[in-house]
Structures are given as C-alpha cells and as structure tokens.
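> Just dropping this structure here.
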Amino acid sequence: MPQRGAVLQYLIIGGGPAGLSAAATLRRMDEKSQITILAKEKVPPYSRIALPYLLTGEVEEEYLFLPIPEQINVALEQEVVEIDTRSQNVKTAAKKSYSYDRLLIATGAAPLRPDIEGSRLPFVFTVRDISDIRGVQKIIQTRKKGHAVIAGAGPVGLELCDALRRLGLSTTLVVSSSHVFSTMLDENSSAFLERRLAERGVEIRKRTDIVGIRESGVVLLSSGETQVCDTIIFGKGVAPALGFLSGSGVSSRQGILVNAHQATNVSNIYAAGDVAETWDLLYKDTRVNALWPVAFEQGRVAAYNMAGRPLAYGGSFPRNILRVFDTSIVAGGMAKREGSEVRVEERSDSYHRLVLDQGILKGFAFMGEINNQGFYADLLRRQLPVGSSATAILHGTYNYAQFIKKPQ
Ligand SMILES: Cc1cc2nc3c(=O)[nH]c(=O)nc-3n(C[C@H](O)[C@H](O)[C@H](O)COP(=O)(O)OP(=O)(O)OC[C@H]3O[C@@H](n4cnc5c(N)ncnc54)[C@H](O)[C@@H]3O)c2cc1C
C-alpha cells in the first residue's frame with residue numbers, strides 16, 4: 001500500500017473507458033502523482049459505441065472524442081509490446097520505455113478475423129477503430145454502394161447491417177448458428193427479430209460460415225453456396241488484447257485473471273475492461289463481459305485499489321441494448337435459458353421473454369416496446385424474488401415506484 005502523500009508513477013495502458021475512468025478516479029484521489037496513459041492509436045481516445053453512426057454520417061468524428069481528465073499525460077502511438085515486471089517497466093513498439101509504481105492494463109479487445117483465404121483483402125473489414133469505418137466508407141464510395149456481407153449477427157453485426165442498409169447497400173447476414181443474435185436470444189425470440197430484418201430486405205443465411213473470399217468479391221460459404229459482394233465485415237466477436245503479456249508472468253485464461261480488487265497475480269499490476277476476466281453475478285463464474293459500463297466501473301475500482309484504498313468490484317452480467325431497423329432490443333442475463341419458469345408474451349409489434357428460477361429473475365429479452373428495462377436490469381443485479389410481479393414485468397408495466405411501495 002502506498003504511503004500517504006507518496007508521489008507515485010501510475011501507468012495505464014489503454015485509453016478506452018476503463019483506462020479513462022481509472023485516470024479520472026486516480027486524479028481525484030491524488031493530486032500529486034504522475035498519471036500517464038499509453039494508447040496505440042494515432043487519435044485521442046474516442047467512443048467505439050458511436051462507430052456505426054460515424055459510418056452513416058449521423059455523427060461527425062469530432063463528437064466521438066472523449067474528455068481527457070485534467071493533468072493526465074496521454075502518449076499516443078505507444079503500442080506496448082512488453083512488460084518487465086521485475087524492473088517495473090514497459091516497452092513500446094516506438095522503442096520508448098515507461099516505468100511504473102502501479103500499472104493498469106486496460107487494452108480492451110481485438111475483433112476476431114478468421115484465418116481463411118482472402119480475409120485480408122482490402123474490401124474485408126472488422127470494426128473496432130475509426131480507421132475501420134474510414135476503410136468501409138472508401139469502399140462504398142469507390143464501388144458505388146453495392147452489396148455487403150456481414151458475418152455474424154451479434155449486436156455489432158446487426159448495428160452495422162442496419163447502418164449499411166441505410167446507406168443504400170443491399171445486405172446478407174451470414175450466421176454460423178441456427179438464428180441471429182444467438183449469444184443472447186433463443187430461437188423463438190430471434191424469429192421475431194428475423195422477421196423484422198426480412199421485412200427490410202436483409203437476406204439471412206443460417207448454419208453456414210464464410211470459408212473463402214476471392215479477389216473478385218465472390219464469397220465461398222461452408223454450405224457450398226456463393227455470394228457476390230462489394231464489401232465484407234466480420235462481426236464475430238472479440239478476444240481480449242493481451243498478446244504483449246507473454247513472458248510477463250501475468251496470468252490469463254480467456255482474459256487477464258484478476259481478484260475482486262482488479263489486481264492480477266503480479267504485484268502492482270491491475271487489469272480492467274474488455275481485457276479482464278471478472279465475476280459474473282448470474283453465471284457465478286469469471287468471464288469477460290465486454291461492455292462499456294462494465295469497463296468504466298472496473299477502471300474506477302482498479303484506481304481505488306491502485307491508490308491503496310481497498311474497494312471490491314461488485315460483478316457484472318451480460319446486457320445488450322440496441323436499436324436496429326427501428327426495433328429496440330434489450331437482452332440481459334440468461335435471456336435465452338430454457339426451463340419451466342420461462343414466460344413469453346408476443347404481440348405483432350413486441351416480443352417479451354422472462355427467465356425466472358424459483359421466482360428470481362435470471363434473464364430477459366424485450367424487443368419492440370422496452371419500457372422499464374433499466375429497472376429490470378437492476379432487478380437482475382439484486383437477485384431478489386419477483387414473485388407476484390412477474391406478470392407485470394412481462395408486460396413491461398412493473399416500475400421502480402411500485403417496487404418502492406411494495407418491495408418483494
Ligand atoms: C462498433 C461497436 C459498438 C459497441 N456498442 C456497444 C454498446 O452499445 N454498449 C456497450 O456497452 N458496449 C458497446 N461496445 C463495446 C465497448 O465499446 C467496449 O466494451 C469498451 O470500449 C471496452 O472498453 P475498454 O476500455 O476495456 O477497451 P477499449 O475501449 O477497446 O480501449 C482499449 C484501449 O487500449 C489501447 N490499446 C490496445 N492495445 C494496446 C497496446 N498493446 N498498447 C497500447 N495501447 C493499447 C487501444 O488503442 C484503446 O485506447 C461496442 C463496441 C464496438 C466496436
């Protein structure tokens with residue numbers, strides 16, 4: 001634990017929400033110490049969430065940039081390639097080295113791109129950075145719109161599909177599983193969404209994968225079919241960005257392993273955000289819930305512990321909120337789990353699914369009308385029995401005021 005008043009070198013790798021919230025929290029607690037953020041990109045930290053809107057032109061690039069907390073040194077184009085835990089030093093690809101008393105790894109995640117023929121062709125993309133969006137826009141301009149293939153129908157794939165349709169491209173979704181958004185939705189919930197997509201002209205090819213891409217734009221599918229296109233986007237998930245850790249002794253599984261204080265197994269090194277594997281309140285194991293608010297909160301908790309003020313992280317759970325093709329979707333917790341306590345209400349314009357276990361809310365998927373979803377997420381977090389209120393939750397009419405009046 002640092003001595004009160006000691007001047008420390010806090011080094012943060014990564015300028016996403018985890019790194020920025022850690023920096024802001026450290027600065028608030030400690031006016032004197034040095035706080036440095038290393039980020040590998042050329043441009044200052046920005047919001048990835050808004051990238052689909054940058055693609056459509058609804059948001060200008062200048063509005064993407066995030067506020068940098070005061071008196072923080074941000075070193076851009078500093079990709080960390082090595083951590084020497086003995087000398088407490090990190091090295092970057094630009095051949096600079098930075099020492100630390102406390103280090104936070106907040107490098108986020110990198111999108112998955114399959115190692116198949118043609119996956120590096122200039123019209124093939126993943127979307128994580130501003131430069132990815134600029135690449136897609138260039139292709140659309142030079143090829144005069146055309147046809148786009150999106151591999152993967154998770155939240156990012158769906159948002160990009162919506163954005164490309166609005167830009168006037170025709171689109172095909174290529175989905176490995178039996179239905180779209182299969183990370184969170186069961187097949188029946190997904191059918192509601194698939195109807196919306198079909199109404200908007202989106203072609204969906206299920207139970208198939210892209211196995212090769214030709215320079216001519218021909219996409220080869222594992223089903224034996226082909227599809228001609230002008231651009232391809234892989235939206236098949238992300239993997240924690242931890243390649244630079246080899247030889248450091250920092251333990252990882254899917255992500256970097258941390259304790260409740262966001263501390264790794266190596267002293268003075270912490271991790272937060274998409275790169276860290278932390279406690280999931282519903283699944284009761286450690287996993288990576290790659291979400292903006294989760295990263296932000298973990299960065300804050302890490303900062304407290306780095307500054308010697310013990311604070312435990314409360315845990316997270318999966319939760320996606322998006323609006324695609326004019327349909328609002330929110331799915332939280334174990335939304336696709338089957339069982340006797342599953343309740344479904346389907347109307348022409350909405351679909352609601354609740355998953356309960358002995359009267360306790362374990363997951364929900366709402367599409368169309370999504371009233372009170374913030375409160376239902378809070379019920380998931382609290383894990384209280386919802387008993388007689390389940391029907392009202394299913395209808396979307398149970399709200400915080402009713403809960404306060406008559407808690408379960
Ligand atoms: C298109 C898109 C839409 C999304 N929509 C949502 C949404 O609606 N809701 C939601 O909750 N989440 C959404 N997310 C996910 C959300 O953006 C992430 O969960 C969040 O950004 C994670 O924050 P982070 O700080 O852990 O990592 P990141 O935001 O990924 O930041 C990582 C930082 O580390 C830097 N870095 C990486 N490697 C190195 C290295 N070796 N050396 C130096 N610097 C390095 C990067 O340059 C970056 O500054 C979306 C993501 C994308 C791509």
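Numbering starts fresh at 1 for the residues of each chain in the structure tokens, the chains themselves are lettered A, B, ... in the order given, and ligands are numbered from 1 as they appear.
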Taking only C-alpha atoms and all ligand atoms and a cut-off of 6 Å, can you tell me which residues surround ligand 1, written as a ChimeraX atom specification?
/A:13-19,38-41,45,48-49,51-52,78-81,106-109,127-128,156,241,273-275,290-293,295
> Leaving out stretch 191-198 of chain A and any residue of its chain fewer than 4 positions from it, which residues lie within 8 Å of it when counting only C-alpha atoms, given as a ChimeraX atom specification?
/A:179-180,187,202-204,325,327,351,367
> Counting only C-alpha atoms, which residues of stretch 287-345 of chain A sit at most 10 Å from some atom of stretch 28-35 of chain A, and what is each one's closest atom pair with its distance in Å to one decimal, listed by chain and rising residue number, as JSON lines?

{"residue": "A:Ala303", "atom": "CA", "partner": "A:Met29", "partner_atom": "CA", "distance": 9.0}
{"residue": "A:Tyr304", "atom": "CA", "partner": "A:Met29", "partner_atom": "CA", "distance": 8.2}
{"residue": "A:Ala307", "atom": "CA", "partner": "A:Met29", "partner_atom": "CA", "distance": 7.7}
{"residue": "A:Arg309", "atom": "CA", "partner": "A:Met29", "partner_atom": "CA", "distance": 9.6}
> Between A:Asn188, A:Gln262, A:Ser47, A:Ser316, single out the one closest to A:Tyr283, counting only C-alpha atoms.
A:Ser316
> Quick one: residues within 12 Å of A:Ala50, only C-alpha atoms counted, chain neighbours fewer than 5 positions away excluded, as a PyMOL selection string?
chain A and resi 55-66+127-130+133+156+159-160+163+292+322
